[in-house]
>>> print(open('coords-v7.cif').read())   # mmCIF, C-alpha atoms
data_entry
#
loop_
_atom_site.label_atom_id
_atom_site.label_comp_id
_atom_site.auth_asym_id
_atom_site.auth_seq_id
_atom_site.Cartn_x
_atom_site.Cartn_y
_atom_site.Cartn_z
CA MET A 1 27.20 8.46 -12.06
CA LYS A 2 24.99 11.43 -12.80
CA GLU A 3 22.53 9.17 -14.62
CA ALA A 4 22.46 6.71 -11.73
CA PHE A 5 21.74 9.56 -9.31
CA TRP A 6 19.04 10.91 -11.62
CA TRP A 7 17.27 7.54 -11.83
CA PHE A 8 17.58 6.97 -8.10
CA ALA A 9 16.03 10.40 -7.42
CA TYR A 10 13.31 9.70 -9.98
CA THR A 11 12.54 6.36 -8.32
CA VAL A 12 12.25 8.03 -4.90
CA PHE A 13 10.02 10.73 -6.42
CA GLY A 14 7.89 8.08 -8.16
CA VAL A 15 7.46 6.07 -4.96
CA TRP A 16 6.29 9.21 -3.14
CA LEU A 17 3.82 10.02 -5.93
CA GLN A 18 2.50 6.46 -5.68
CA LYS A 19 1.85 7.02 -1.98
CA PHE A 20 -0.59 9.79 -2.89
CA PHE A 21 -2.10 8.12 -5.96
CA PRO A 22 -2.57 4.41 -5.21
CA GLY A 23 -3.03 2.23 -8.26
CA VAL A 24 -0.92 4.35 -10.61
CA ASP A 25 2.62 3.46 -11.75
CA PHE A 26 4.67 6.65 -11.86
CA LEU A 27 7.87 4.80 -12.78
CA ALA A 28 6.73 3.38 -16.14
CA PRO A 29 7.12 6.69 -18.09
CA GLY A 30 10.81 6.56 -17.13
CA LEU A 31 11.13 3.20 -18.84
CA ILE A 32 9.59 4.61 -22.02
CA VAL A 33 12.01 7.56 -21.94
CA CYS A 34 14.94 5.12 -21.70
CA LEU A 35 13.63 3.18 -24.70
CA GLN A 36 13.04 6.36 -26.69
CA LEU A 37 16.64 7.43 -26.13
CA ALA A 38 17.84 3.90 -26.99
CA LYS A 39 19.25 3.33 -23.50
CA PHE A 40 18.33 -0.34 -23.50
CA ARG A 41 20.77 -1.44 -20.77
CA ALA A 42 19.44 1.22 -18.40
CA ALA A 43 15.88 0.21 -19.33
CA LEU A 44 16.60 -3.42 -18.48
CA LEU A 45 18.23 -2.63 -15.13
CA LEU A 46 15.54 -0.13 -14.16
CA GLY A 47 12.83 -2.52 -15.28
CA LEU A 48 14.20 -5.22 -12.97
CA ALA A 49 14.58 -2.86 -10.02
CA TRP A 50 11.13 -1.32 -10.50
CA THR A 51 9.57 -4.77 -10.85
CA LEU A 52 10.87 -5.67 -7.38
CA ILE A 53 9.71 -2.33 -5.95
CA GLN A 54 6.21 -2.53 -7.44
CA GLU A 55 5.78 -6.17 -6.47
CA GLY A 56 7.10 -5.46 -2.98
CA MET A 57 4.55 -2.76 -2.27
CA GLY A 58 1.68 -4.53 -4.04
CA SER A 59 -0.71 -7.14 -2.72
CA LEU A 60 -0.77 -9.59 -5.63
CA ALA A 61 1.48 -12.61 -6.06
CA PHE A 62 4.64 -11.95 -8.08
CA GLY A 63 4.16 -11.63 -11.83
CA GLY A 64 1.97 -8.59 -12.53
CA SER A 65 4.84 -6.18 -13.00
CA ILE A 66 6.57 -8.46 -15.51
CA LEU A 67 3.43 -8.50 -17.65
CA TRP A 68 2.97 -4.76 -17.16
CA TYR A 69 6.45 -3.68 -18.23
CA ALA A 70 6.72 -6.37 -20.94
CA GLY A 71 3.42 -5.20 -22.46
CA LEU A 72 4.58 -1.57 -22.50
CA CYS A 73 7.88 -2.57 -24.15
CA LEU A 74 6.10 -4.73 -26.73
CA VAL A 75 3.71 -1.95 -27.73
CA PHE A 76 6.61 0.51 -27.79
CA PHE A 77 8.56 -1.58 -30.30
CA GLN A 78 5.50 -2.42 -32.38
CA THR A 79 4.28 1.20 -32.60
CA ARG A 80 7.81 2.47 -33.33
CA ALA A 81 7.56 0.98 -36.80
CA TYR A 82 4.70 3.35 -37.68
CA LEU A 83 5.26 6.51 -35.64
CA ALA A 84 8.16 8.67 -34.50
CA THR A 85 8.81 7.73 -30.87
CA GLU A 86 9.09 11.34 -29.72
CA SER A 87 5.75 12.44 -31.15
CA PRO A 88 2.99 13.27 -28.66
CA PHE A 89 0.63 10.98 -30.56
CA PHE A 90 2.96 8.06 -29.91
CA VAL A 91 2.90 8.77 -26.18
CA LEU A 92 -0.87 9.19 -26.21
CA ILE A 93 -1.25 5.73 -27.78
CA LEU A 94 1.06 4.31 -25.11
CA SER A 95 -0.95 6.07 -22.36
CA VAL A 96 -4.24 4.63 -23.58
CA PHE A 97 -2.65 1.20 -23.87
CA ALA A 98 -1.18 1.56 -20.33
CA ALA A 99 -4.66 2.29 -18.93
CA VAL A 100 -6.27 -0.68 -20.71
CA TRP A 101 -3.34 -2.95 -19.88
CA HIS A 102 -3.44 -2.00 -16.17
CA PHE A 103 -7.17 -2.81 -16.04
CA ALA A 104 -6.64 -6.13 -17.85
CA ILE A 105 -3.67 -7.30 -15.73
CA ILE A 106 -5.24 -6.47 -12.37
CA SER A 107 -8.57 -8.05 -13.33
CA LEU A 108 -6.87 -11.17 -14.67
CA LEU A 109 -4.45 -11.70 -11.79
CA SER A 110 -7.06 -10.89 -9.12
CA SER A 111 -9.41 -13.51 -10.49
CA LEU A 112 -6.54 -16.01 -10.93
CA GLN A 113 -5.54 -15.50 -7.29
CA GLY A 114 -9.10 -15.51 -5.99
CA LEU A 115 -8.96 -11.93 -4.73
CA SER A 116 -11.99 -9.65 -4.72
CA MET A 117 -11.47 -6.20 -6.22
CA ASP A 118 -13.51 -3.09 -6.77
CA ALA A 119 -13.99 -2.80 -10.56
CA GLN A 120 -15.10 0.82 -10.34
CA GLN A 121 -12.02 1.80 -8.38
CA LEU A 122 -9.84 -0.09 -10.87
CA PHE A 123 -11.50 1.85 -13.67
CA TYR A 124 -10.63 5.17 -11.97
CA GLU A 125 -7.06 3.99 -11.41
CA SER A 126 -6.77 3.12 -15.11
CA LEU A 127 -8.17 6.53 -16.01
CA GLN A 128 -5.60 8.18 -13.75
CA THR A 129 -2.89 6.12 -15.45
CA ALA A 130 -4.01 7.43 -18.86
CA VAL A 131 -3.96 11.03 -17.57
CA PHE A 132 -0.73 10.99 -15.55
CA PHE A 133 1.35 8.92 -17.98
CA PRO A 134 1.76 11.57 -20.74
CA MET A 135 2.09 14.40 -18.21
CA LEU A 136 4.93 12.73 -16.38
CA TRP A 137 6.48 11.61 -19.65
CA VAL A 138 6.68 15.21 -20.91
CA VAL A 139 8.36 16.38 -17.70
CA ILE A 140 10.96 13.62 -17.43
CA PHE A 141 11.65 13.46 -21.15
CA LEU A 142 12.48 17.16 -21.21
CA ILE A 143 14.58 17.07 -18.04
CA TYR A 144 16.36 13.82 -18.77
CA SER A 145 17.06 14.32 -22.47
CA ARG A 146 18.23 17.93 -22.06
CA LYS A 147 19.87 18.03 -18.67
CA VAL A 148 21.06 14.51 -17.93
CA ALA A 149 21.49 12.34 -21.01
CA PHE A 150 22.51 15.09 -23.44
CA ARG A 151 25.73 16.00 -21.63
CA HIS A 152 26.80 12.42 -21.74
CA GLY A 153 26.40 12.45 -25.51
CA MET B 1 9.54 -20.20 -40.98
CA ARG B 2 6.70 -17.90 -39.89
CA ALA B 3 5.41 -20.53 -37.44
CA ARG B 4 8.89 -20.79 -35.93
CA SER B 5 9.12 -17.00 -35.46
CA PHE B 6 5.66 -17.05 -33.85
CA VAL B 7 6.78 -19.72 -31.40
CA ILE B 8 9.95 -17.83 -30.53
CA ALA B 9 8.30 -14.42 -30.24
CA ILE B 10 5.03 -15.27 -28.45
CA LEU B 11 4.72 -18.82 -27.22
CA LEU B 12 8.20 -19.22 -25.73
CA PRO B 13 8.04 -16.04 -23.56
CA LEU B 14 4.48 -16.96 -22.55
CA PHE B 15 5.58 -20.45 -21.57
CA LEU B 16 8.52 -19.05 -19.60
CA TYR B 17 6.28 -16.52 -17.86
CA LEU B 18 3.68 -19.12 -16.91
CA SER B 19 6.41 -21.45 -15.64
CA LEU B 20 7.87 -18.65 -13.51
CA TYR B 21 4.41 -17.66 -12.23
CA THR B 22 3.47 -21.23 -11.31
CA TRP B 23 6.83 -21.93 -9.71
CA ASN B 24 6.49 -18.80 -7.57
CA TRP B 25 2.86 -19.63 -6.76
CA ARG B 26 4.02 -22.96 -5.33
CA THR B 27 7.22 -21.83 -3.61
CA GLY B 28 6.70 -18.10 -2.93
CA HIS B 29 10.42 -17.42 -3.51
CA LEU B 30 9.87 -14.41 -5.77
CA ASP B 31 7.21 -12.99 -3.43
CA ARG B 32 9.69 -13.15 -0.58
CA LEU B 33 12.41 -11.61 -2.75
CA ALA B 34 10.12 -8.72 -3.77
CA THR B 35 8.93 -8.21 -0.20
CA ASN B 36 12.44 -8.19 1.24
CA THR B 37 13.81 -5.84 -1.41
CA GLY B 38 10.92 -3.79 -2.82
CA MET B 39 9.01 -3.25 0.42
CA GLU B 40 12.25 -2.51 2.29
CA PHE B 41 13.21 0.11 -0.31
CA VAL B 42 9.77 1.72 -0.22
CA GLY B 43 9.83 1.77 3.59
CA TRP B 44 13.23 3.43 3.74
CA VAL B 45 12.16 5.95 1.09
CA LEU B 46 9.02 6.87 3.01
CA VAL B 47 10.37 7.02 6.57
CA PRO B 48 12.75 10.01 6.08
CA GLY B 49 10.09 11.78 4.02
CA GLU B 50 7.58 11.36 6.81
CA TRP B 51 10.10 12.84 9.23
CA VAL B 52 10.78 15.81 6.90
CA HIS B 53 7.04 16.27 6.43
CA ALA B 54 6.47 16.37 10.19
CA ARG B 55 9.29 18.91 10.65
CA LEU B 56 8.03 21.09 7.79
CA ARG B 57 4.51 21.04 9.18
CA HIS B 58 5.92 22.01 12.54
CA TYR B 59 7.87 24.96 11.09
CA TRP B 60 4.96 25.97 8.92
CA ASN B 61 2.67 26.13 11.94
CA SER B 62 5.31 27.82 14.03
CA TYR B 63 6.63 30.47 11.66
CA ILE B 64 4.55 31.02 8.55
CA ASN B 65 1.31 31.55 10.43
CA LEU B 66 3.02 34.09 12.62
CA LEU B 67 3.74 36.38 9.66
CA GLU B 68 0.28 37.87 10.18
CA VAL B 69 1.43 39.49 13.40
CA ARG B 70 4.09 41.54 11.61
CA GLN B 71 2.60 44.78 12.94
CA GLU B 72 3.41 44.01 16.51
CA ASN B 73 6.62 45.29 18.05
CA ARG B 74 9.76 43.20 17.99
CA TYR B 75 9.82 42.22 21.61
CA LEU B 76 6.20 41.05 21.66
CA ARG B 77 6.63 39.13 18.45
CA GLN B 78 9.67 37.28 19.69
CA ARG B 79 7.90 36.53 22.93
CA LEU B 80 4.84 35.34 21.07
CA GLU B 81 6.94 33.09 18.84
CA GLU B 82 8.61 31.55 21.85
CA LEU B 83 5.31 30.94 23.58
CA GLN B 84 3.72 29.65 20.42
CA LEU B 85 6.57 27.23 19.81
CA THR B 86 6.44 25.99 23.36
CA ARG B 87 2.68 25.61 23.28
CA MET B 88 2.74 23.72 19.97
CA LYS B 89 5.49 21.48 21.18
CA LEU B 90 3.54 20.77 24.36
CA GLU B 91 0.32 20.23 22.43
CA ARG B 92 2.04 17.80 20.13
CA GLN B 93 3.59 16.01 23.06
CA ALA B 94 0.27 15.95 24.92
CA ALA B 95 -1.54 14.53 21.89
CA GLU B 96 1.14 11.90 21.46
CA ALA B 97 1.04 11.11 25.17
CA ARG B 98 -2.76 10.72 25.04
CA ARG B 99 -2.47 8.35 22.08
CA LEU B 100 0.32 6.32 23.65
CA LYS B 101 -1.52 6.24 27.00
CA ARG B 102 -4.52 4.74 25.27
CA LEU B 103 -2.29 2.18 23.60
CA LEU B 104 -0.62 1.31 26.91
CA LYS B 105 -3.98 0.94 28.64
CA PHE B 106 -4.88 -1.83 26.26
CA SER B 107 -4.37 -5.17 27.91
CA SER B 108 -3.77 -7.99 25.46
CA PRO B 109 -5.57 -11.32 25.80
CA GLU B 110 -4.08 -13.76 28.25
CA GLY B 111 -0.77 -15.14 27.06
CA TRP B 112 -0.58 -12.76 24.06
CA SER B 113 2.05 -10.03 24.01
CA GLN B 114 1.75 -6.66 22.31
CA PHE B 115 3.95 -4.01 20.74
CA GLY B 116 3.30 -0.75 18.93
CA ALA B 117 4.03 0.31 15.34
CA LYS B 118 3.76 3.53 13.38
CA VAL B 119 1.68 3.75 10.19
CA ILE B 120 3.92 5.04 7.39
CA ALA B 121 1.65 4.70 4.34
CA HIS B 122 -1.68 3.46 3.08
CA LYS B 123 -2.38 1.30 0.01
CA MET B 124 0.15 2.20 -2.68
CA GLY B 125 1.51 1.02 -6.03
CA PRO B 126 -0.10 -0.17 -9.27
CA HIS B 127 -0.52 -3.71 -7.97
CA ALA B 128 -2.14 -2.79 -4.67
CA VAL B 129 -5.48 -4.52 -5.10
CA ALA B 130 -6.13 -4.99 -1.39
CA GLU B 131 -6.84 -2.24 1.16
CA THR B 132 -3.63 -2.16 3.16
CA ILE B 133 -1.52 0.03 5.42
CA PHE B 134 2.26 -0.10 5.88
CA VAL B 135 3.78 -0.13 9.36
CA ASP B 136 7.36 0.40 10.48
CA LYS B 137 7.86 -3.01 12.08
CA GLY B 138 9.05 -6.13 10.28
CA SER B 139 10.38 -9.62 10.77
CA THR B 140 13.35 -8.33 12.82
CA ASP B 141 10.76 -7.08 15.34
CA GLU B 142 9.16 -10.55 15.31
CA VAL B 143 6.24 -9.51 13.13
CA ARG B 144 4.78 -12.56 11.41
CA LYS B 145 2.17 -13.10 8.70
CA ASP B 146 -1.45 -13.10 9.98
CA MET B 147 -0.56 -11.36 13.25
CA PRO B 148 -3.64 -9.41 14.49
CA VAL B 149 -3.39 -5.62 14.25
CA LEU B 150 -5.59 -3.38 16.39
CA THR B 151 -6.03 -0.19 18.36
CA PRO B 152 -7.54 0.11 21.84
CA GLU B 153 -10.91 0.71 20.10
CA GLY B 154 -10.84 -2.53 18.14
CA ILE B 155 -9.38 -4.78 15.46
CA ILE B 156 -8.24 -3.15 12.21
CA GLY B 157 -6.87 -6.16 10.33
CA ARG B 158 -4.03 -8.66 10.15
CA VAL B 159 -0.47 -8.69 8.85
CA TYR B 160 -0.42 -9.52 5.15
CA ARG B 161 3.23 -9.33 4.09
CA VAL B 162 6.42 -8.89 6.09
CA SER B 163 9.87 -7.65 5.10
CA ASN B 164 12.83 -7.19 7.47
CA SER B 165 11.83 -3.76 8.76
CA PHE B 166 8.30 -3.16 7.47
CA ALA B 167 4.99 -4.95 7.08
CA SER B 168 1.72 -4.45 5.23
CA VAL B 169 -1.58 -4.96 7.01
CA LEU B 170 -4.74 -6.21 5.30
CA LEU B 171 -7.56 -4.01 6.63
CA LEU B 172 -10.89 -5.40 7.76
CA THR B 173 -12.61 -3.12 5.22
CA ASP B 174 -11.00 -4.99 2.31
CA PRO B 175 -13.38 -7.31 0.41
CA ASN B 176 -10.87 -10.15 0.90
CA SER B 177 -10.94 -9.85 4.68
CA ARG B 178 -12.99 -12.39 6.68
CA ILE B 179 -13.14 -12.31 10.48
CA PRO B 180 -15.24 -14.78 12.51
CA VAL B 181 -17.26 -12.74 15.00
CA LEU B 182 -20.06 -13.13 17.53
CA GLY B 183 -22.49 -10.67 19.10
CA ARG B 184 -21.26 -9.75 22.58
CA LYS B 185 -24.79 -9.89 24.01
CA SER B 186 -26.58 -12.38 21.73
CA ARG B 187 -23.54 -14.73 21.21
CA THR B 188 -24.71 -15.28 17.62
CA ASN B 189 -21.90 -16.24 15.25
CA GLY B 190 -21.18 -14.77 11.84
CA ILE B 191 -18.37 -13.94 9.45
CA LEU B 192 -17.47 -10.27 9.10
CA LYS B 193 -16.56 -9.33 5.54
CA GLY B 194 -15.21 -6.03 4.22
CA GLN B 195 -16.88 -4.30 1.30
CA GLY B 196 -14.42 -1.54 0.46
CA PRO B 197 -13.02 1.52 2.24
CA ASP B 198 -16.16 3.67 2.18
CA SER B 199 -18.73 0.91 2.63
CA ALA B 200 -20.21 -0.79 5.67
CA LEU B 201 -19.00 -4.24 6.71
CA GLU B 202 -21.23 -7.23 6.06
CA VAL B 203 -21.95 -9.93 8.64
CA MET B 204 -22.51 -13.13 6.67
CA TYR B 205 -24.20 -16.41 7.55
CA VAL B 206 -26.44 -15.16 10.36
CA PRO B 207 -29.51 -17.47 10.27
CA GLN B 208 -32.96 -15.84 9.94
CA ASN B 209 -34.07 -16.93 13.41
CA ALA B 210 -30.82 -16.04 15.21
CA ALA B 211 -30.96 -13.25 17.79
CA LEU B 212 -28.93 -10.15 17.03
CA TYR B 213 -29.50 -6.61 18.34
CA ASP B 214 -29.26 -3.17 16.77
CA HIS B 215 -25.99 -1.43 17.69
CA GLU B 216 -24.73 -4.61 19.30
CA LEU B 217 -20.97 -4.89 19.61
CA LEU B 218 -19.34 -7.64 17.56
CA VAL B 219 -16.28 -9.30 19.03
CA THR B 220 -13.90 -11.89 17.61
CA SER B 221 -15.19 -15.42 18.14
CA GLY B 222 -11.76 -17.04 18.22
CA LEU B 223 -12.87 -19.63 15.67
CA SER B 224 -10.10 -18.79 13.26
CA ASP B 225 -6.59 -19.47 14.43
CA ILE B 226 -5.66 -15.85 13.85
CA PHE B 227 -7.60 -13.60 16.26
CA PRO B 228 -7.94 -14.29 19.98
CA LYS B 229 -11.49 -14.48 21.33
CA GLY B 230 -13.32 -11.41 22.64
CA LEU B 231 -11.63 -8.47 20.90
CA PRO B 232 -14.08 -5.78 19.71
CA VAL B 233 -14.28 -5.47 15.91
CA ALA B 234 -17.42 -3.62 14.78
CA ARG B 235 -20.86 -2.41 15.79
CA ILE B 236 -24.09 -3.49 14.09
CA GLN B 237 -25.57 -0.75 11.93
CA SER B 238 -28.66 -2.36 10.42
CA ILE B 239 -30.45 -5.72 10.31
CA THR B 240 -32.91 -6.61 7.57
CA HIS B 241 -34.67 -9.87 6.85
CA SER B 242 -34.84 -11.09 3.29
CA GLU B 243 -37.68 -13.32 2.08
CA THR B 244 -35.49 -15.10 -0.42
CA SER B 245 -32.38 -15.75 1.66
CA LEU B 246 -31.67 -18.21 4.45
CA PHE B 247 -29.66 -15.55 6.25
CA GLN B 248 -30.24 -12.11 7.70
CA ASN B 249 -28.79 -9.12 5.91
CA VAL B 250 -26.60 -7.53 8.58
CA GLN B 251 -24.45 -4.42 8.09
CA ALA B 252 -21.89 -3.24 10.60
CA GLU B 253 -19.48 -0.32 11.00
CA PRO B 254 -15.84 -0.62 12.08
CA LEU B 255 -14.97 0.81 15.49
CA VAL B 256 -11.83 2.50 14.18
CA THR B 257 -11.53 5.30 11.60
CA ILE B 258 -8.66 3.79 9.65
CA ARG B 259 -7.94 6.82 7.47
CA PHE B 260 -6.51 8.82 10.39
CA LEU B 261 -4.55 6.08 12.10
CA GLU B 262 -1.03 7.01 13.20
CA GLU B 263 -0.11 4.18 15.55
CA VAL B 264 -1.32 0.61 15.87
CA LEU B 265 -0.75 -2.36 18.14
CA LEU B 266 0.35 -5.79 16.97
CA ILE B 267 -0.33 -8.74 19.22
CA LYS B 268 1.77 -11.85 19.25
CA LYS B 269 0.36 -15.29 19.77
CA PRO B 270 1.75 -17.36 22.64
CA ARG B 271 3.95 -20.18 21.38
CA SER B 272 2.15 -23.49 21.38
CA PRO B 273 3.83 -25.85 23.90
CA ILE B 274 3.60 -28.77 21.44
CA LYS B 275 5.43 -26.85 18.72
CA ALA B 276 8.06 -25.68 21.20
CA GLU B 277 8.62 -29.27 22.33
CA GLU B 278 8.93 -30.41 18.71
CA LYS B 279 11.48 -27.68 18.11
CA LEU B 280 13.52 -28.82 21.09
CA LYS B 281 13.46 -32.43 19.96
CA ARG B 282 14.77 -31.51 16.51
CA PRO B 283 18.52 -32.29 16.12
#
>>> encode(input="coords-v7.cif", output="structure tokens")
Amino acid sequence: MKEAFWWFAYTVFGVWLQKFFPGVDFLAPGLIVCLQLAKFRAALLLGLAWTLIQEGMGSLAFGGSILWYAGLCLVFFQTRAYLATESPFFVLILSVFAAVWHFAIISLLSSLQGLSMDAQQLFYESLQTAVFFPMLWVVIFLIYSRKVAFRHG
Amino acid sequence: MRARSFVIAILLPLFLYLSLYTWNWRTGHLDRLATNTGMEFVGWVLVPGEWVHARLRHYWNSYINLLEVRQENRYLRQRLEELQLTRMKLERQAAEARRLKRLLKFSSPEGWSQFGAKVIAHKMGPHAVAETIFVDKGSTDEVRKDMPVLTPEGIIGRVYRVSNSFASVLLLTDPNSRIPVLGRKSRTNGILKGQGPDSALEVMYVPQNAALYDHELLVTSGLSDIFPKGLPVARIQSITHSETSLFQNVQAEPLVTIRFLEEVLLIKKPRSPIKAEEKLKRP
């Protein structure tokens, strides 16, 4: 119950942050935290819910969020074989990948759907993703692992 | 064995994804699902926050600023607070009344009906490619896709996506927006195209020899089936003639400063009598 409330509050917080920083996904670091703490069921449920939320507020046809979260999960599991998942270096690699992946997905889907987009703005959004991703990860990892998940064992 | 793992790990998910993407592209089922769940959730998350924000701003203006007058005696301070609160409340009400009066003054084109909506957010989310705003009216308020959105000053865009209680509006400044326009004085036709939030609008396909005047008002031409004829959209900013192009290079500026919009009007098309008849005939 406490975990459900925590993730609901985090989702609300993330949506509000996204209002002020368009083009950045503030929910994705939560997914990585779930994977790091081996909460795969929670990751799956949150991934589905966040996919609907991100697609609902976006302007592209459905599909971008699936690629986005699937790519992050794939890189997470691939990099896990070489690095400790809780190391800052691991999160930095994920952040850089998130920025590149965001740029690639939006460019690809925009051209597939015949939508014009501002490449320079997309570049800044990707840069913001790379900057905000590790910052938010640190905050929620510390809060969630120590205050929420820990007490549940 | 390795080829089989490759198929299972990469090709199968890719095939499934592409099938899902294509199926949704043709039917739009997943788009509707995301709009009716995701956009609804986002709307309901933002609306109470906007209310709290307005209240906090009100209290901030009312109380925190008054801390500077701590030196004054108790009676005067209380009196000042009361007057300040009343004045701010009246100012807020007056500003709202002015805005609503302007909205009410707007008379919609013949046969079209209008209703107001509040802006609750601008472009948001990682997949927000288009310049959009979110308004607090949805399909339950009879908002439909492609419905024109405007203010008394002029057109600001059209409805892009609709959920039950909220809708997103594609702004005329977005590079994907195209609005058929004509000069109010010259009657020259063109297509108004957005070029991004901080850039001028471009009027395309204006022939080199066509008349068009500096600072001329551009109104909707009614050629598309979306906007009624004669609504103001933009004002011409500059006209240059290129030696290599068949068309003039025309830049225009929107009549509305979209960044500070709080309320908008949506106008509803009159029902076509043929469609209504068809509907009646249906069993």
>>> residues_around(input="coords-v7.cif", residues="Phe89 of chain A", least_positions_apart="5", cutoff="12 Å", atoms="all atoms listed in the file", output="MDAnalysis selection string")
chainID A and resid 79:80 82:84 94:96 134
>>> residues_around(input="coords-v7.cif", residues="Ala119 of chain A", least_positions_apart="3", cutoff="12 Å", atoms="all atoms listed in the file", output="MDAnalysis selection string")
(chainID A and resid 102:104 106:108 110:111 115:116 122:126) or (chainID B and resid 129 175 196)
>>> residues_around(input="coords-v7.cif", residues="Val45 of chain B", least_positions_apart="3", cutoff="8 Å", atoms="only C-alpha atoms", output="CSV table (one decimal) with C-alpha atoms, keeping the file's coordinate frame")
chain,number,residue,atom,x,y,z
A,12,VAL,CA,12.2,8.0,-4.9
A,15,VAL,CA,7.5,6.1,-5.0
A,16,TRP,CA,6.3,9.2,-3.1
B,41,PHE,CA,13.2,0.1,-0.3
B,42,VAL,CA,9.8,1.7,-0.2
B,48,PRO,CA,12.8,10.0,6.1
B,49,GLY,CA,10.1,11.8,4.0
>>> resolve_selection(input="coords-v7.cif", expression="the PyMOL selection byres ((chain B) within 7 of (chain A))", output="list in words")
Tyr21, Leu30, Asp31, Ala34, Thr35, Thr37, Gly38, Met39, Val42, Val45, Ala121, Lys123, Met124, Gly125, Pro126, His127, Ala128, Val129, Ala130, Pro175 and Asn176 of chain B
>>> write_last_selection(input="coords-v7.cif", atoms="C-alpha atoms", output="tab-separated table (two decimals), in the coordinates of the input")
chain	number	residue	atom	x	y	z
B	21	TYR	CA	4.41	-17.66	-12.23
B	30	LEU	CA	9.87	-14.41	-5.77
B	31	ASP	CA	7.21	-12.99	-3.43
B	34	ALA	CA	10.12	-8.72	-3.77
B	35	THR	CA	8.93	-8.21	-0.20
B	37	THR	CA	13.81	-5.84	-1.41
B	38	GLY	CA	10.92	-3.79	-2.82
B	39	MET	CA	9.01	-3.25	0.42
B	42	VAL	CA	9.77	1.72	-0.22
B	45	VAL	CA	12.16	5.95	1.09
B	121	ALA	CA	1.65	4.70	4.34
B	123	LYS	CA	-2.38	1.30	0.01
B	124	MET	CA	0.15	2.20	-2.68
B	125	GLY	CA	1.51	1.02	-6.03
B	126	PRO	CA	-0.10	-0.17	-9.27
B	127	HIS	CA	-0.52	-3.71	-7.97
B	128	ALA	CA	-2.14	-2.79	-4.67
B	129	VAL	CA	-5.48	-4.52	-5.10
B	130	ALA	CA	-6.13	-4.99	-1.39
B	175	PRO	CA	-13.38	-7.31	0.41
B	176	ASN	CA	-10.87	-10.15	0.90
>>> residues_around(input="coords-v7.cif", residues="segment 165-167 of chain B", least_positions_apart="4", cutoff="12 Å", atoms="all atoms listed in the file", output="PyMOL selection string")
(chain A and resi 56-59) or (chain B and resi 35-47+117-123+132-147+149+158-161+266)
>>> atom_distance(input="coords-v7.cif", atom1="atom CA of Thr188 of chain B", atom2="atom CA of Thr151 of chain B")
24.0 Å
>>> atom_distance(input="coords-v7.cif", atom1="atom CA of Thr173 of chain B", atom2="atom CA of Met204 of chain B")
14.2 Å
>>> atom_distance(input="coords-v7.cif", atom1="atom CA of Val181 of chain B", atom2="atom CA of Val203 of chain B")
8.4 Å
>>> residues_around(input="coords-v7.cif", residues="Cys34 of chain A", least_positions_apart="6", cutoff="7 Å", atoms="only C-alpha atoms", output="NGL selection string")
:A and (40 or 42-43)
>>> resolve_selection(input="coords-v7.cif", expression="the PyMOL selection byres ((chain A and resi 140) around 12)", output="PyMOL selection string")
chain A and resi 6-7+9-11+13-14+26-34+36+133-139+141-149
>>> closest_residue(input="coords-v7.cif", among="B:Arg184, B:His29, B:Arg178, B:Arg259", to="Pro197 of chain B", atoms="all atoms listed in the file")
B:Arg259
>>> closest_residue(input="coords-v7.cif", among="B:Asn61, B:Gln195, B:Gln251, B:Ser221", to="Arg235 of chain B", atoms="all atoms listed in the file")
B:Gln251
